[in-house]
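Engineer: Supplied structure: run_34.cif, mmCIF, C-alpha atoms.
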```cif
data_run
loop_
_atom_site.label_atom_id
_atom_site.label_comp_id
_atom_site.auth_asym_id
_atom_site.auth_seq_id
_atom_site.Cartn_x
_atom_site.Cartn_y
_atom_site.Cartn_z
CA MET V 17 60.84 -3.39 -65.91
CA GLN V 18 57.11 -3.18 -66.46
CA VAL V 19 54.94 -5.14 -64.03
CA SER V 20 51.70 -6.62 -65.23
CA TRP V 21 48.79 -6.33 -62.79
CA PHE V 22 46.65 -8.72 -64.75
CA PRO V 23 47.17 -11.83 -62.53
CA LEU V 24 46.32 -9.87 -59.40
CA LYS V 25 43.22 -8.41 -60.99
CA ALA V 26 42.17 -11.85 -62.25
CA SER V 27 42.71 -13.35 -58.77
CA ALA V 28 40.70 -10.59 -57.16
CA MET V 29 37.92 -11.17 -59.64
CA ARG V 30 37.86 -14.89 -58.85
CA PHE V 31 37.64 -14.29 -55.05
CA SER V 32 35.06 -11.57 -55.47
CA SER V 33 32.90 -14.02 -57.37
CA PHE V 34 32.52 -16.21 -54.21
CA PRO V 35 29.02 -16.05 -52.73
CA ARG V 36 28.78 -13.74 -49.74
CA VAL V 37 27.80 -16.66 -47.43
CA TYR V 38 31.28 -18.21 -47.90
CA TRP V 39 32.92 -15.09 -46.53
CA VAL V 40 30.56 -15.04 -43.57
CA VAL V 41 31.31 -18.68 -42.71
CA LEU V 42 35.08 -18.16 -43.05
CA ALA V 43 34.93 -15.11 -40.81
CA LEU V 44 32.96 -17.00 -38.14
CA LEU V 45 35.41 -19.93 -38.21
CA ALA V 46 38.37 -17.61 -37.87
CA SER V 47 36.69 -15.85 -34.96
CA LEU V 48 35.90 -19.13 -33.15
CA LEU V 49 39.34 -20.63 -33.66
CA CYS V 50 40.99 -17.52 -32.25
CA SER V 51 38.65 -17.24 -29.28
CA PRO V 52 39.79 -18.26 -25.76
CA SER V 53 37.29 -21.16 -25.63
CA PHE V 54 39.15 -22.85 -28.52
CA ALA V 55 42.64 -22.12 -27.27
CA GLN V 56 44.33 -25.36 -26.22
CA GLN V 57 44.78 -25.67 -22.46
CA LYS V 58 47.83 -27.59 -21.26
CA LEU V 59 47.16 -29.17 -17.87
CA LYS V 60 49.37 -31.01 -15.36
CA TRP V 61 48.00 -34.16 -13.70
CA ALA V 62 50.31 -35.37 -10.91
CA HIS V 63 50.59 -38.22 -8.40
CA VAL V 64 53.14 -40.15 -6.34
CA TYR V 65 52.56 -43.67 -7.74
CA GLU V 66 54.71 -45.70 -10.12
CA SER V 67 54.15 -45.56 -13.86
CA SER V 68 53.38 -49.31 -13.83
CA GLU V 69 50.43 -48.91 -11.42
CA PRO V 70 46.79 -48.61 -12.52
CA TYR V 71 46.54 -45.17 -10.90
CA HIS V 72 49.00 -43.94 -13.52
CA THR V 73 47.97 -45.98 -16.54
CA GLU V 74 44.30 -45.13 -16.10
CA SER V 75 45.12 -41.45 -15.48
CA VAL V 76 46.96 -41.49 -18.82
CA TRP V 77 43.92 -43.11 -20.43
CA ALA V 78 41.67 -40.41 -18.92
CA ALA V 79 43.97 -37.64 -20.16
CA GLU V 80 43.84 -39.01 -23.69
CA GLU V 81 40.08 -39.53 -23.51
CA ILE V 82 39.48 -35.95 -22.33
CA LYS V 83 41.65 -34.67 -25.18
CA LYS V 84 39.68 -36.75 -27.66
CA ARG V 85 36.25 -35.78 -26.34
CA SER V 86 37.20 -32.09 -26.24
CA ASN V 87 38.55 -32.17 -29.81
CA GLY V 88 42.02 -31.34 -28.54
CA LYS V 89 41.06 -28.41 -26.33
CA PHE V 90 42.56 -30.02 -23.19
CA ASP V 91 46.10 -31.39 -23.50
CA ILE V 92 46.86 -33.15 -20.21
CA GLN V 93 50.28 -34.51 -19.25
CA VAL V 94 50.45 -37.00 -16.37
CA PHE V 95 53.45 -36.83 -14.02
CA PRO V 96 54.01 -40.04 -11.95
CA ALA V 97 56.25 -41.08 -9.07
CA SER V 98 56.45 -37.78 -7.15
CA SER V 99 58.10 -36.08 -10.14
CA LEU V 100 56.24 -32.85 -9.29
CA GLY V 101 56.60 -33.23 -5.54
CA LYS V 102 55.47 -35.15 -2.48
CA GLU V 103 51.77 -35.69 -1.84
CA THR V 104 51.67 -32.74 0.55
CA ASP V 105 53.20 -30.52 -2.16
CA LEU V 106 50.73 -31.73 -4.78
CA ASN V 107 47.72 -31.01 -2.58
CA GLN V 108 49.05 -27.52 -1.87
CA GLY V 109 49.71 -27.12 -5.58
CA LEU V 110 46.01 -27.43 -6.38
CA THR V 111 45.43 -24.19 -4.48
CA LEU V 112 48.66 -22.49 -5.54
CA GLY V 113 48.10 -23.28 -9.21
CA SER V 114 51.29 -25.30 -9.75
CA VAL V 115 49.30 -28.45 -10.63
CA ASP V 116 45.86 -28.79 -12.20
CA ILE V 117 44.73 -32.34 -11.36
CA VAL V 118 45.85 -34.71 -8.61
CA ILE V 119 45.01 -38.29 -7.70
CA GLY V 120 45.90 -39.09 -4.11
CA GLY V 121 44.68 -39.95 -0.64
CA PRO V 122 41.87 -37.82 0.80
CA SER V 123 43.75 -37.94 4.11
CA PHE V 124 45.87 -35.06 2.82
CA ALA V 125 42.80 -33.03 1.88
CA ALA V 126 41.55 -33.77 5.40
CA ARG V 127 44.15 -31.34 6.74
CA SER V 128 42.03 -28.48 5.46
CA TYR V 129 38.71 -30.35 5.54
CA PRO V 130 38.78 -32.73 8.55
CA ARG V 131 35.54 -34.60 7.74
CA PHE V 132 37.36 -36.51 4.98
CA GLY V 133 39.39 -38.11 7.77
CA ILE V 134 36.52 -40.38 8.76
CA ALA V 135 37.50 -42.74 5.93
CA TYR V 136 40.84 -43.30 7.68
CA TYR V 137 39.52 -44.27 11.08
CA PRO V 138 40.98 -47.76 11.54
CA PHE V 139 38.72 -50.68 10.63
CA ILE V 140 35.83 -48.37 9.64
CA PHE V 141 35.37 -50.21 6.32
CA ARG V 142 34.59 -53.90 6.16
CA ASP V 143 36.19 -54.28 2.72
CA GLY V 144 36.67 -52.58 -0.62
CA ASP V 145 33.02 -52.86 -1.59
CA HIS V 146 32.02 -51.05 1.60
CA LEU V 147 34.44 -48.23 0.78
CA LEU V 148 33.00 -47.92 -2.73
CA ALA V 149 29.47 -47.83 -1.29
CA TYR V 150 30.58 -44.96 0.93
CA SER V 151 32.05 -43.15 -2.10
CA LYS V 152 28.58 -43.20 -3.71
CA SER V 153 26.69 -42.27 -0.55
CA SER V 154 24.86 -39.05 0.28
CA LEU V 155 27.38 -38.53 3.10
CA PHE V 156 30.35 -38.45 0.74
CA GLN V 157 28.55 -36.20 -1.75
CA GLU V 158 27.76 -33.83 1.10
CA MET V 159 31.46 -33.75 1.97
CA VAL V 160 32.47 -33.17 -1.65
CA ASN V 161 30.13 -30.17 -1.89
CA GLU V 162 31.33 -28.69 1.41
CA PHE V 163 34.98 -29.19 0.40
CA ARG V 164 34.42 -27.47 -2.96
CA ASN V 165 32.59 -24.56 -1.32
CA LYS V 166 35.47 -24.14 1.09
CA SER V 167 38.46 -24.71 -1.21
CA GLY V 168 37.20 -24.49 -4.77
CA ILE V 169 38.68 -27.96 -5.40
CA GLN V 170 36.34 -30.45 -7.10
CA VAL V 171 36.53 -34.14 -6.21
CA THR V 172 35.44 -36.04 -9.30
CA ALA V 173 36.16 -39.73 -8.60
CA TYR V 174 37.08 -42.31 -5.95
CA THR V 175 39.43 -45.23 -6.70
CA TYR V 176 39.94 -48.31 -4.52
CA TYR V 177 43.58 -48.31 -3.38
CA GLY V 178 43.54 -51.50 -1.35
CA ALA V 179 43.54 -52.80 2.20
CA ARG V 180 46.66 -51.56 4.00
CA HIS V 181 48.78 -54.35 5.43
CA THR V 182 52.12 -54.25 7.25
CA SER V 183 55.53 -55.43 6.12
CA ALA V 184 58.39 -55.74 8.62
CA GLN V 185 61.71 -57.42 9.36
CA LYS V 186 60.08 -59.73 11.89
CA THR V 187 56.60 -61.12 12.37
CA PHE V 188 53.90 -60.16 14.87
CA SER V 189 50.40 -61.44 15.42
CA GLN V 190 48.64 -59.02 17.77
CA CYS V 191 48.59 -55.44 18.95
CA ALA V 192 50.75 -56.06 22.04
CA ASP V 193 53.58 -57.43 19.86
CA ILE V 194 54.34 -54.11 18.14
CA LYS V 195 55.20 -51.96 21.16
CA GLY V 196 58.19 -49.79 20.18
CA LEU V 197 58.10 -50.86 16.52
CA LYS V 198 59.45 -48.05 14.32
CA ILE V 199 57.07 -48.01 11.38
CA ARG V 200 56.93 -45.63 8.43
CA VAL V 201 53.56 -43.96 7.84
CA PRO V 202 52.42 -41.27 5.38
CA ASP V 203 52.76 -37.73 6.62
CA ALA V 204 49.10 -37.40 7.61
CA PRO V 205 47.64 -37.81 11.13
CA ALA V 206 45.00 -40.32 10.03
CA TYR V 207 47.64 -43.01 9.49
CA THR V 208 49.12 -42.91 12.98
CA ALA V 209 46.11 -43.96 15.08
CA THR V 210 46.54 -47.76 14.99
CA TRP V 211 50.24 -47.60 15.77
CA GLN V 212 49.96 -45.04 18.55
CA ALA V 213 47.10 -46.99 20.13
CA CYS V 214 49.26 -50.13 20.22
CA GLY V 215 52.41 -48.36 21.48
CA ALA V 216 54.43 -48.44 18.26
CA ASN V 217 56.51 -45.53 16.96
CA PRO V 218 54.92 -44.23 13.71
CA THR V 219 57.42 -42.20 11.68
CA PRO V 220 56.35 -40.02 8.72
CA ILE V 221 58.62 -40.42 5.68
CA ALA V 222 57.95 -39.25 2.12
CA PHE V 223 56.66 -42.01 -0.13
CA ALA V 224 59.57 -41.76 -2.57
CA GLU V 225 62.05 -42.31 0.30
CA VAL V 226 60.48 -45.39 1.92
CA TYR V 227 62.50 -48.08 0.13
CA LEU V 228 65.82 -46.54 1.20
CA ALA V 229 64.54 -46.02 4.77
CA LEU V 230 63.67 -49.72 5.01
CA GLN V 231 66.92 -50.75 3.39
CA ASN V 232 69.16 -48.76 5.73
CA GLY V 233 67.14 -49.49 8.88
CA THR V 234 65.82 -45.97 9.49
CA VAL V 235 62.52 -47.77 10.10
CA ASP V 236 61.77 -51.46 10.63
CA ALA V 237 58.38 -51.63 8.98
CA GLN V 238 55.89 -49.89 6.70
CA GLU V 239 52.20 -50.26 5.84
CA ASN V 240 50.60 -50.20 2.40
CA PRO V 241 48.32 -52.26 0.17
CA LEU V 242 49.81 -55.43 -1.29
CA THR V 243 49.80 -53.89 -4.76
CA THR V 244 51.94 -50.98 -3.53
CA ILE V 245 54.32 -53.32 -1.71
CA GLU V 246 54.79 -55.02 -5.08
CA ALA V 247 55.06 -51.87 -7.20
CA LYS V 248 57.51 -50.16 -4.85
CA LYS V 249 59.47 -53.42 -4.38
CA PHE V 250 59.31 -53.16 -0.59
CA PHE V 251 59.32 -56.98 -0.50
CA GLU V 252 63.01 -56.82 -1.45
CA VAL V 253 63.94 -55.19 1.88
CA GLN V 254 61.38 -56.83 4.21
CA LYS V 255 61.01 -60.39 5.49
CA ALA V 256 57.34 -60.66 6.42
CA ILE V 257 53.89 -59.32 5.61
CA MET V 258 51.22 -59.17 8.32
CA LEU V 259 47.64 -58.98 7.04
CA THR V 260 46.53 -56.25 9.42
CA GLY V 261 44.02 -54.66 7.01
CA HIS V 262 43.81 -51.76 9.46
CA ILE V 263 42.71 -49.24 6.81
CA VAL V 264 40.81 -49.96 3.60
CA ASP V 265 42.14 -47.12 1.51
CA GLY V 266 41.01 -45.12 -1.48
CA LEU V 267 42.25 -42.31 -3.70
CA VAL V 268 40.33 -39.28 -4.91
CA THR V 269 40.78 -37.45 -8.18
CA MET V 270 40.73 -33.68 -7.62
CA VAL V 271 40.57 -30.80 -10.07
CA ALA V 272 42.05 -27.43 -9.07
CA PRO V 273 39.81 -24.36 -8.62
CA HIS V 274 41.57 -22.40 -11.38
CA VAL V 275 40.59 -25.17 -13.82
CA TRP V 276 37.18 -26.29 -12.57
CA SER V 277 35.78 -22.76 -12.36
CA THR V 278 36.61 -22.12 -16.03
CA LEU V 279 34.95 -25.28 -17.38
CA SER V 280 31.50 -25.09 -18.88
CA PRO V 281 28.80 -27.32 -17.32
CA ALA V 282 29.18 -29.71 -20.27
CA GLU V 283 32.97 -29.85 -19.77
CA GLN V 284 32.58 -30.42 -16.02
CA LYS V 285 30.24 -33.32 -16.78
CA MET V 286 32.68 -34.76 -19.31
CA PHE V 287 35.66 -34.48 -16.95
CA THR V 288 33.67 -36.20 -14.19
CA GLU V 289 32.43 -39.02 -16.40
CA VAL V 290 35.87 -39.77 -17.81
CA MET V 291 37.59 -39.62 -14.41
CA GLN V 292 34.98 -41.90 -12.86
CA GLU V 293 35.43 -44.40 -15.67
CA ALA V 294 39.19 -44.30 -15.13
CA ALA V 295 38.65 -44.87 -11.39
CA SER V 296 36.41 -47.87 -12.12
CA ARG V 297 38.98 -49.35 -14.51
CA ALA V 298 41.81 -48.90 -11.98
CA THR V 299 39.69 -50.34 -9.16
CA ALA V 300 39.03 -53.53 -11.13
CA LYS V 301 42.75 -53.99 -11.83
CA VAL V 302 43.73 -53.37 -8.21
CA LYS V 303 41.18 -55.85 -6.87
CA LYS V 304 42.33 -58.53 -9.30
CA ARG V 305 46.02 -58.13 -8.50
CA GLU V 306 45.39 -57.83 -4.77
CA ALA V 307 43.74 -61.27 -4.77
CA GLU V 308 46.80 -62.81 -6.45
CA LEU V 309 49.58 -61.31 -4.38
CA ILE V 310 49.53 -63.38 -1.18
CA ASP V 311 50.64 -66.43 -3.14
CA VAL V 312 53.13 -64.33 -5.11
CA PHE V 313 54.80 -63.07 -1.94
CA LYS V 314 54.89 -66.53 -0.39
CA LYS V 315 56.66 -67.83 -3.50
CA ARG V 316 59.20 -65.02 -3.09
CA GLY V 317 60.04 -66.40 0.34
CA LEU V 318 58.23 -63.89 2.54
CA GLN V 319 56.30 -65.00 5.59
CA VAL V 320 52.63 -64.01 5.35
CA VAL V 321 50.87 -63.86 8.73
CA GLU V 322 47.17 -63.72 9.59
CA VAL V 323 47.02 -61.47 12.67
CA ASN V 324 44.46 -61.14 15.44
CA ARG V 325 42.76 -58.10 13.93
CA LYS V 326 40.31 -57.83 16.83
CA SER V 327 43.19 -57.13 19.24
CA PHE V 328 44.09 -54.10 17.09
CA GLN V 329 40.51 -52.93 16.61
CA ASP V 330 39.60 -53.16 20.30
CA THR V 331 42.74 -51.27 21.32
CA VAL V 332 42.09 -48.51 18.80
CA LEU V 333 38.48 -48.09 19.94
CA LYS V 334 39.69 -47.85 23.54
CA ASN V 335 42.78 -45.65 23.12
CA LYS V 336 41.83 -43.63 20.01
CA PRO V 337 38.05 -43.14 20.01
CA VAL V 338 36.50 -41.43 16.98
CA GLU V 339 35.99 -38.15 18.82
CA SER V 340 39.66 -37.97 19.90
CA MET V 341 40.63 -37.64 16.24
CA GLY V 342 38.37 -34.66 15.63
CA LEU V 343 35.74 -36.82 13.93
CA THR V 344 32.07 -37.25 14.78
CA ARG V 345 30.15 -40.29 15.85
CA ALA V 346 27.36 -39.24 13.47
CA ASP V 347 29.66 -39.49 10.43
CA TYR V 348 31.06 -42.78 11.74
CA ASP V 349 27.55 -44.24 11.99
CA ARG V 350 26.64 -43.02 8.49
CA VAL V 351 29.73 -44.68 7.04
CA GLN V 352 28.85 -47.91 8.82
CA ALA V 353 25.36 -47.76 7.30
CA ALA V 354 26.60 -47.28 3.71
CA LYS V 355 25.53 -50.14 1.45
#
```
Kindly transcribe the structure held in the file into structure tokens.

Structural biologist:
Amino acid sequence: MQVSWFPLKASAMRFSSFPRVYWVVLALLASLLCSPSFAQQKLKWAHVYESSEPYHTESVWAAEEIKKRSNGKFDIQVFPASSLGKETDLNQGLTLGSVDIVIGGPSFAARSYPRFGIAYYPFIFRDGDHLLAYSKSSLFQEMVNEFRNKSGIQVTAYTYYGARHTSAQKTFSQCADIKGLKIRVPDAPAYTATWQACGANPTPIAFAEVYLALQNGTVDAQENPLTTIEAKKFFEVQKAIMLTGHIVDGLVTMVAPHVWSTLSPAEQKMFTEVMQEAASRATAKVKKREAELIDVFKKRGLQVVEVNRKSFQDTVLKNKPVESMGLTRADYDRVQAAK
């Protein structure tokens, strides 16, 4: 069979008639699209909070916003509820490379960078607004820079987590009442100070295991913000909530060294801006719900008790002074001055 080459020749003639500039543009586009800077990067963003909580929903919003602003370059999946590990594991994962972004308590980062622990000294913050003022202070920025220089991890945002209160099977009203109380705390030294000072028995248990520990009596009490008590349904296995407010807590968003170091300055700026907006959105939602929950819990039949907070604060200052926790009076004073 004879094959006609005419169509091929005609096609070649048509392409060869394109202006030379078209070929140059096509070649440049092909080069850019195949370059590493345009290769899509899949990133893992992990935390220990429930998918219903603002820390998750706003992290999902941030992931989508970063994808949109980067024209699809960064494809971020958010893993809630300890699905990639406990908070200790996630913080280690930032250095090991198993996770790329984490939102969690800076108390865990304080294990490698102790200055962060100042934010967990009991009663150091007057309220949520004071904590947010600290997060924008020169002191905190100094810490962020030191932490990055030491670990390579970049802290990009600070979210208000809430004032930590105490739920238990029976009520108490002052420090002396909790001697011997077996209370669950996060597995970080910063959370034990109040309870040790007052003679209680603080017991570290992973966040995902707290409900069962309360249900089966492994511990009698736990401490968390009201919004967490709601989200984790701790109110189902506790009879009372004491408004201790011993720690006004926050969460930091952290980007792993293997990610941050590869971002361009413009991308670093974009990541920071989006993550700070997400933190602001989550903070507003937490504050609103926190203000509603005392009445909600009362309607559920729980006792809600106003405690003598000064009895706790005075005992902590006496039995667990700032310096005994490896912190400095200078940092304490600078936090107090934040406005």

Engineer: What gap, in Å, lies between atom CA of Ala192 of chain V and atom CA of Pro205 of chain V?

Structural biologist: 21.5 Å

Engineer: Need to verify the contact set: Arg345 of chain V, 12 Å, only C-alpha atoms, exclusion of same-chain residues closer than 5 positions in sequence. Can you return it as JSON, numbers by chain?

Structural biologist: {"V": [131, 134, 137, 140, 337, 338, 339, 340, 350, 351, 352]}

Engineer: Hey, could you make a per-residue contact list for segment 112-215 of chain V against segment 312-324 of chain V with 8 Å as the cut-off, showing the nearest pair of atoms and its distance in Å to one decimal, counting all atoms listed in the file, sorted by chain and number, as JSON lines?

Structural biologist:
```
{"residue": "V:Thr187", "atom": "CA", "partner": "V:Val321", "partner_atom": "CA", "distance": 7.3}
{"residue": "V:Phe188", "atom": "CA", "partner": "V:Val323", "partner_atom": "CA", "distance": 7.3}
{"residue": "V:Ser189", "atom": "CA", "partner": "V:Val323", "partner_atom": "CA", "distance": 4.4}
{"residue": "V:Gln190", "atom": "CA", "partner": "V:Asn324", "partner_atom": "CA", "distance": 5.2}
{"residue": "V:Cys191", "atom": "CA", "partner": "V:Asn324", "partner_atom": "CA", "distance": 7.9}
```

Engineer: Identify, on the basis of all atoms listed in the file, every residue whose closest approach to Leu106 of chain V does not exceed 12 Å; exclude the query and any residue fewer than 6 positions from it along the same chain; express the result as JSON, numbers by chain.

Structural biologist: {"V": [60, 61, 62, 63, 64, 95, 96, 97, 98, 99, 100, 112, 113, 114, 115, 116, 117, 118, 119, 120, 121, 124, 125, 269, 270, 271, 272]}

Engineer: Starting from the shown file, work through the PyMOL selection byres ((chain V and resi 263) around 9) and note down what comes out as a short mmCIF file (atom, residue, chain, number, x, y, z; two decimals) with C-alpha atoms, in the coordinates of the input.

Structural biologist:
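Final file, selection.cif:
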```cif
data_model
loop_
_atom_site.label_atom_id
_atom_site.label_comp_id
_atom_site.auth_asym_id
_atom_site.auth_seq_id
_atom_site.Cartn_x
_atom_site.Cartn_y
_atom_site.Cartn_z
CA ALA V 135 37.50 -42.74 5.93
CA TYR V 136 40.84 -43.30 7.68
CA TYR V 137 39.52 -44.27 11.08
CA PRO V 138 40.98 -47.76 11.54
CA PHE V 139 38.72 -50.68 10.63
CA ILE V 140 35.83 -48.37 9.64
CA PHE V 141 35.37 -50.21 6.32
CA GLY V 178 43.54 -51.50 -1.35
CA ALA V 179 43.54 -52.80 2.20
CA ARG V 180 46.66 -51.56 4.00
CA HIS V 181 48.78 -54.35 5.43
CA TYR V 207 47.64 -43.01 9.49
CA THR V 260 46.53 -56.25 9.42
CA GLY V 261 44.02 -54.66 7.01
CA HIS V 262 43.81 -51.76 9.46
CA VAL V 264 40.81 -49.96 3.60
CA ASP V 265 42.14 -47.12 1.51
#
```

Engineer: Using the chain letters and numbers from this file, what does the PyMOL selection byres ((chain V and resi 93) around 8) select? Give the answer as JSON, numbers by chain.

Structural biologist: {"V": [58, 59, 60, 61, 76, 79, 91, 92, 94, 95]}

Engineer: If we count only C-alpha atoms, what is near Thr244 of chain V at a cut-off of 9 Å, once residues fewer than 6 positions away on the same chain are taken out, given as a PDB file with C-alpha atoms, in the coordinates of the input?

Structural biologist:
```pdb
ATOM      1  CA  TYR V  65      52.560 -43.670  -7.740  1.00  0.00           C
ATOM      2  CA  GLU V  66      54.710 -45.700 -10.120  1.00  0.00           C
ATOM      3  CA  GLU V  69      50.430 -48.910 -11.420  1.00  0.00           C
ATOM      4  CA  TYR V 177      43.580 -48.310  -3.380  1.00  0.00           C
ATOM      5  CA  GLY V 178      43.540 -51.500  -1.350  1.00  0.00           C
ATOM      6  CA  PHE V 250      59.310 -53.160  -0.590  1.00  0.00           C
TER       7      PHE V 250
END
```

Engineer: Quick check on the file I pasted: which residues fall under the PyMOL selection byres ((chain V and resi 210) around 9)? Write them as a ChimeraX atom specification.

Structural biologist: /V:137-138,191,207-209,211-216,262,328-329,331-332,336

Engineer: Dump C-alpha atoms for the selected residues as a compact mmCIF listing (two decimals), keeping the file's coordinate frame?

Structural biologist:
```
# COMPACT_ATOMS: atom_id res chain seq x y z
CA TYR V 137 39.52 -44.27 11.08
CA PRO V 138 40.98 -47.76 11.54
CA CYS V 191 48.59 -55.44 18.95
CA TYR V 207 47.64 -43.01 9.49
CA THR V 208 49.12 -42.91 12.98
CA ALA V 209 46.11 -43.96 15.08
CA TRP V 211 50.24 -47.60 15.77
CA GLN V 212 49.96 -45.04 18.55
CA ALA V 213 47.10 -46.99 20.13
CA CYS V 214 49.26 -50.13 20.22
CA GLY V 215 52.41 -48.36 21.48
CA ALA V 216 54.43 -48.44 18.26
CA HIS V 262 43.81 -51.76 9.46
CA PHE V 328 44.09 -54.10 17.09
CA GLN V 329 40.51 -52.93 16.61
CA THR V 331 42.74 -51.27 21.32
CA VAL V 332 42.09 -48.51 18.80
CA LYS V 336 41.83 -43.63 20.01
```

Engineer: Residues at most 9 Å from segment 198-203 of chain V, counting only C-alpha atoms, excluding those fewer than 6 positions away in the same chain, as a list in words?

Structural biologist: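 Near segment 198-203 of chain V, the qualifying residues are Glu103, Thr104, Phe124, Thr182, Ala184, Trp211, Ala216, Asn217, Pro218, Thr219, Pro220, Ile221, Ala222, Phe223, Val226, Ala229, Leu230, Thr234, Val235, Asp236, Ala237, Gln238, Glu239 and Asn240 of chain V.
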
Engineer: Please, what distance in Å, to one decimal, runs between atom CA of Gln254 of chain V and atom CA of Lys301 of chain V?

Structural biologist: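 Atom-to-atom, atom CA of Gln254 of chain V to atom CA of Lys301 of chain V, that is 24.7 Å.
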
Engineer: Hey, can you check how far atom CA of Gly266 of chain V sits from atom CA of Leu309 of chain V?

Structural biologist: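 Atom CA of Leu309 of chain V lies at a distance of 18.5 Å from atom CA of Gly266 of chain V.
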
Engineer: Name all residues at most 12 Å from Leu155 of chain V (count all atoms listed in the file; drop same-chain ones fewer than 4 positions away) and give them as a ChimeraX atom specification.

Structural biologist: /V:131-132,134-135,149-151,159-162,346-355

Engineer: So which one's closest to Glu293 of chain V, V:Ile82, V:Leu343, V:Leu110, V:Leu147? Using all atoms listed in the file, please.

Structural biologist: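 Among V:Ile82, V:Leu343, V:Leu110, V:Leu147, it is V:Ile82 that comes nearest to Glu293 of chain V.
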